[in-house]
Each structure stands twice: as structure tokens, then as C-alpha cells.
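Engineer: Have a look at the structure that comes next, please.
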Amino acid sequence: MDTTKPTLHPDQQANRRYLTVWRWHFYFGLLVAPFLTLLAVTGLGMLLFANITGKEGERIHVTPQAQVQPLSAQAEAARQSVNPETASVVQYIAPRADDMVAVFRVNNDDKATMVAVDPYTAKVVSSMPRNEGWYHTMDGIHGDMMFGTAGDYLIETAASLTILMMITGIYLWWAKQRSLKSMLVPQTGKGRSWWRSMHGAFGTWVSLILLLFCLSGVAWAGIWGGKFVQSWSQFPAGKWGVEPNPVSVVPTHGDVLNDGKTKEVPWILELTPMPVSGTTKGENGINPSEPMTLETVDRFAREIGFKGRYQLNLPKGETGVWTLSQDSMSYDMVSPTADRTVHIDQYSGKILADIRFDDYNFFGKFMAASIALHMGTLGWWSVLANVLFCLAVIFICVSGCVMWWKRRPSKAGGLVPPAQKIELPVWWAMAVPLLIVAVLFPTAIAAIAVIWILDTALLSRIPALSRWFK
């Protein structure tokens, strides 16, 4: 008996390849669509609250007057409003504009409060617990779904698998359209063909930005970012005279300046050791004969070029430093190329570090620019672009579900994936590049391995599960 498989016509082979990739795309979409929708919705929420109320409630308006009260008086009013006995001011955020409040972070025991003060009257306007506003709620869901490390890994996995979904989606749409113009311009039609046309066109338009967002997102995630990329791409602390001691000995910028899950330090500096006060190093800064007060340091910040809103962190402990920082990631200003972080010795007034965008390595510059684009901090045009992008991502997820539902036979049970009744061979010419990309993102290859094991051990062996999933 001849068991040789018949040779397929080239068109049949192309169709088999298409169906194979379609099935992969279907399963990738099934896994990531809920996460992409969640990320897009919470991203819209963050954009809304950041530009209406402000990340820390700093967009409260006041009436400008002829004279601003001393910073020490403003800080004392903020401290008194929390607890006059035990509270301490640890951070000052300069007003965004002449008609807006100044914000002070006040610590009392293990609680931090953000206090908005009218700079002209030194009266407290409002206060709220740190990281508990609507912006931070959206940010918490966006970052790890409020599940901690497990949620962070899930989001990282979804972002990594999204890259594979985009690759397969672009292939499918190209195989149908065969020209870039046809891929970008949706065709008229009705029913499922209209949804497919809109889904493909929107997916093509947003694919490059979505790829950029995925890369910038996973670069700050726990595994690919913290373990593989950020660890070797951090800023060379020794360049500024800071001893390159192990991170376990010297606190990093992230340890000292980030508060909980909130990211306030530029990506490239987060794992970089902090400088310490009490050394003989540094360049001339504040005159050591002057008292190191909020007013003195603020005046010096203005003298060396800090304009508008910036952040001033007070020294922590005997070796702590005064830190001046301004970056678009913290909504301080528009351009990421103006990023700047300055550390000042609390005893000598010397500048221990003056780190600017030009000092970052390539990936640090990429992250600064892409995070600014990701967060919509480049001006109103980027806010609008981000709103449209988020709505497009939501539409892509919804249209994918609609297409599946319209293709699904009535009264059918299970997922009903593409080419359900057809045995499709693995198309290795496409599978190998996808696996190579997946290997670059550890959570993606781990997810694929888990799915393969489940399929081999359970789905293929249990008829009820096989009918539902396959």
C-alpha cells in the first residue's frame, strides 16, 4: 500500500501556510486581547487624570500675587498640616506654572502625604495620601493589575506575546492584500469582510507604535527589563566619582527616590548606585559658607538651569544628598532630551553628579524618548495621539472578537479556531523566526512551553477539552 502523501499544488501549500499562521494568530490574540484592552483603558485613564488633576494633584490653580512666600514657610505649613510633632518634609515639587500650587511630600512614620500649598500665601490647599489618587489607581492596574510580582509577569508575558501576534497579523494581512496601500486603507464591505478590513488596516497603522510601547513596557518589567536589559544598561556611576560598589551595599537611585511602585527615576538610572555625602569628591556648587536650606538649594537649582516644575529631594540620613531632578517621565517638562539629575553633598555643597540626557547610553536615550511617547508627555499633540492609539487598540481587540463570533458556526461549542477540522503541519520557515523572537523575551517562550505541555499532556488526550480548545 502506497503511503506517500500527495504533492500539493503551490496554491494549496500557500493556503496551508496561511491557515497555519492564522491559527497561531488566533491563539496569540485569544491570550493577549483581554490584557491589551485593560492596558488601553487604564492608559486612557492615566492620560485623563495626569492632564486634568495632575499626577500628585499639582494642577490646582491659585491666584498669582506680587510676592511668593519663603519655601521654608510653605514647607512648614505642609508639615504642620500632617503632624506638627513627628512629620517631616522629604520632597518639594515646584509649581508647574505661576498660577498653580507647590507640592510637598510629607512623611509621618510610614505614611507619605502629598500636600498642595499656595506659594503666595503658604496656606494648605489640599492633601492626599501618596499614590492613592485616581492616577495611581490606573497606574497600578496598568503596571501589574494590582497583583504584585505575579501581575507584573502576566503583563510582561502579554506584551511579549503581543509582538508575536503582530508579526503573524502583518503576515496574514500582507498575504491577503499584497500591497502596502491596500494594507493601510480599509476596504468597503459588509459583515465580517468589513470587520476584517478595519481590523487589518487599524492593526497595520498602529503596529509600529504598539511594538515601541511593548518594548518600552517590557524593558521596565521584572524579568526582561530588570534581569536582562536594565542590569547591563544602567548608567556608569563611576563616571561621576561615585564608587561602583555592589548594589547590595550602596542604595540605588530606585531605592532612594522611587516610592513603592511609583517610577520617578529615569529608567537608565534606576539601578545605578546613589552618591553619598561626606566625601572629598565633586565639583564646586553651593558656597559651603551658606546654610543648606530649601531656599538655598532652590535658588542654586534655578541658577544652574532648572526652570519651571522640577523636583527637589531632601537628604535621607547622614550620607544622603540633595537631589534635583527634571524629566518628562515625571511630567516635569515636555522634551525627554532635557532630562537632568543633579546630586549635591549636604555638607560641602559640592555637585557630586550632574547627569543629562546626552550622558545616557543608546538604550537609555531610547527608553527616555519612548517612555515620553508612551505616556503622552510630549505636549498636547502626543496626548491626542495616545488617545487615538488607545482607542485603536481597543477597536482591534473588539473587532477580533467580532470576527471570531461572526465566523463561528451557530450553536457551535468551544473556541472553534481557524481550520478546525484540518490537520495543519508546522510551517517551520515561520515557526523558527517566531521562536527566536520569543526566546528574546523569557516570559513569552515560557508561556509557549507551558501551552505546548498542556496541549500534549491534556488537550490532545482528553476529547472534551480537545473539542473545546482545538
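Just so we're on the same page: first chain in the C-alpha cells is A, next is B, and so on; residues restart at 1 for each chain, and ligands are numbered from 1 in the order they show up.
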Among the residues of segment 115-291 of chain A, find those DSSP assigns to helix (DSSP H, G or I) from the backbone and print them as a PyMOL selection string.

Structural biologist: chain A and resi 134-144+149-177+180-184+191-218+224-229+237-240+253-257+267-269

Engineer: Hey, could you make a per-residue contact list for segment 280-376 of chain A against segment 104-112 of chain A with 10 Å as the cut-off, showing the nearest pair of atoms and its distance in Å to one decimal, counting only C-alpha atoms, sorted by chain and number, as CSV?

Structural biologist:
```
residue,atom,partner,partner_atom,distance
A:Gln311,CA,A:Phe104,CA,9.7
A:Leu312,CA,A:Phe104,CA,9.5
A:Asn313,CA,A:Arg105,CA,9.3
```

Engineer: Taking 2 positions as the minimum chain separation for residues in the same chain, which residues sit within 9 Å of Val265 of chain A when counting only C-alpha atoms? Answer as a list in words.

Structural biologist: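 Listed by chain and then number, they are His253, Gly254, Leu257, Asn258, Lys263, Trp267, Ile268, Leu269, Glu270, Ser325, Asp327, Met329 and Ser330 of chain A.
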
Engineer: Can you list, as a ChimeraX atom specification, every protein, DNA or RNA residue that comes within 12 Å of Ile170 of chain A when you count only C-alpha atoms, leaving out same-chain residues fewer than 3 positions away?

Structural biologist: /A:18,21-22,25,163-167,173-180,183-184,199-208

Engineer: Per residue of segment 320-404 of chain A within 12 Å of segment 221-232 of chain A, note the shortest atom pair and the distance in Å to one decimal, counting only C-alpha atoms, and order the rows by chain and increasing residue number, as CSV.

Structural biologist:
```
residue,atom,partner,partner_atom,distance
A:Asn361,CA,A:Trp232,CA,11.0
A:Phe363,CA,A:Val229,CA,9.0
A:Gly364,CA,A:Gln230,CA,9.0
A:Met367,CA,A:Gln230,CA,10.4
```

Engineer: Can you spit out the residues from that selection as an mmCIF file, in the first residue's frame, using C-alpha atoms?

Structural biologist:
```cif
data_model
loop_
_atom_site.group_PDB
_atom_site.id
_atom_site.type_symbol
_atom_site.label_atom_id
_atom_site.label_comp_id
_atom_site.auth_asym_id
_atom_site.auth_seq_id
_atom_site.Cartn_x
_atom_site.Cartn_y
_atom_site.Cartn_z
ATOM 1 C CA ASN A 361 23.815 55.298 26.523
ATOM 2 C CA PHE A 363 19.231 52.280 25.178
ATOM 3 C CA GLY A 364 18.831 54.864 27.932
ATOM 4 C CA MET A 367 13.840 54.499 26.852
#
```

Engineer: Applying 12 Å and only C-alpha atoms, which residues near Thr323 of chain A remain after dropping the ones on its own chain fewer than 2 positions away? List them as number ranges by chain.

Structural biologist: A: 90-93, 253, 256-257, 265, 274-277, 294, 297-298, 300-301, 310-316, 320-321, 325-326, 340-346, 349-355

Engineer: Determine, counting only C-alpha atoms, which protein, DNA and RNA residues have an atom within 8 Å of an atom of segment 387-401 of chain A; residues of the same chain fewer than 2 positions away are not included. Present the result as a ChimeraX atom specification.

Structural biologist: /A:29,33-34,36-37,40-41,43-44,47,195-196,198-199,202-203,206,383-385,403-405

Engineer: Write to file, as a PDB file, in the first residue's frame, the residues of the selection just made, with C-alpha atoms.

Structural biologist:
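Listing of result06.pdb after writing:
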```pdb
ATOM      1  CA  GLY A  29      -4.925  37.097  20.141  1.00  0.00           C
ATOM      2  CA  ALA A  33      -6.663  40.663  23.834  1.00  0.00           C
ATOM      3  CA  PRO A  34      -8.005  40.964  27.418  1.00  0.00           C
ATOM      4  CA  LEU A  36      -4.324  44.780  25.693  1.00  0.00           C
ATOM      5  CA  THR A  37      -7.848  46.067  26.314  1.00  0.00           C
ATOM      6  CA  ALA A  40      -5.505  50.634  26.695  1.00  0.00           C
ATOM      7  CA  VAL A  41      -8.365  51.542  29.061  1.00  0.00           C
ATOM      8  CA  GLY A  43      -3.682  54.119  29.729  1.00  0.00           C
ATOM      9  CA  LEU A  44      -6.564  56.393  28.743  1.00  0.00           C
ATOM     10  CA  LEU A  47      -3.757  60.369  30.357  1.00  0.00           C
ATOM     11  CA  TRP A 195     -14.660  43.968  10.201  1.00  0.00           C
ATOM     12  CA  ARG A 196     -11.658  42.120   8.764  1.00  0.00           C
ATOM     13  CA  MET A 198     -10.942  47.522   9.510  1.00  0.00           C
ATOM     14  CA  HIS A 199      -9.109  45.118  11.825  1.00  0.00           C
ATOM     15  CA  PHE A 202      -6.025  49.551  12.074  1.00  0.00           C
ATOM     16  CA  GLY A 203      -3.553  46.831  13.019  1.00  0.00           C
ATOM     17  CA  VAL A 206      -0.700  51.019  14.992  1.00  0.00           C
ATOM     18  CA  VAL A 383      -1.867  63.316  24.345  1.00  0.00           C
ATOM     19  CA  LEU A 384      -4.235  63.299  21.370  1.00  0.00           C
ATOM     20  CA  ALA A 385      -2.093  60.716  19.556  1.00  0.00           C
ATOM     21  CA  MET A 403     -14.770  38.488  13.542  1.00  0.00           C
ATOM     22  CA  TRP A 404     -14.436  35.295  15.575  1.00  0.00           C
ATOM     23  CA  TRP A 405     -18.101  35.422  16.568  1.00  0.00           C
TER      24      TRP A 405
END
```

Engineer: Extract the full set of strand (DSSP E) residues from segment 36-282 of chain A according to DSSP on the backbone, and format it as a PyMOL selection string.

Structural biologist: chain A and resi 88-93+102-108+111-118+123-129

Engineer: Between atom CA of Gln74 of chain A and atom CA of Ala122 of chain A, what distance in Å does the model show, to one decimal?

Structural biologist: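 A separation of 4.7 Å between them.
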
Engineer: Quote the spacing between atom CA of Arg467 of chain A and atom CA of Arg17 of chain A in Å to one decimal place.

Structural biologist: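 So the answer is 22.7 Å.
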
Engineer: One number please: atom CA of Thr157 of chain A to atom CA of Pro418 of chain A, in Å, one decimal.

Structural biologist: 23.5 Å
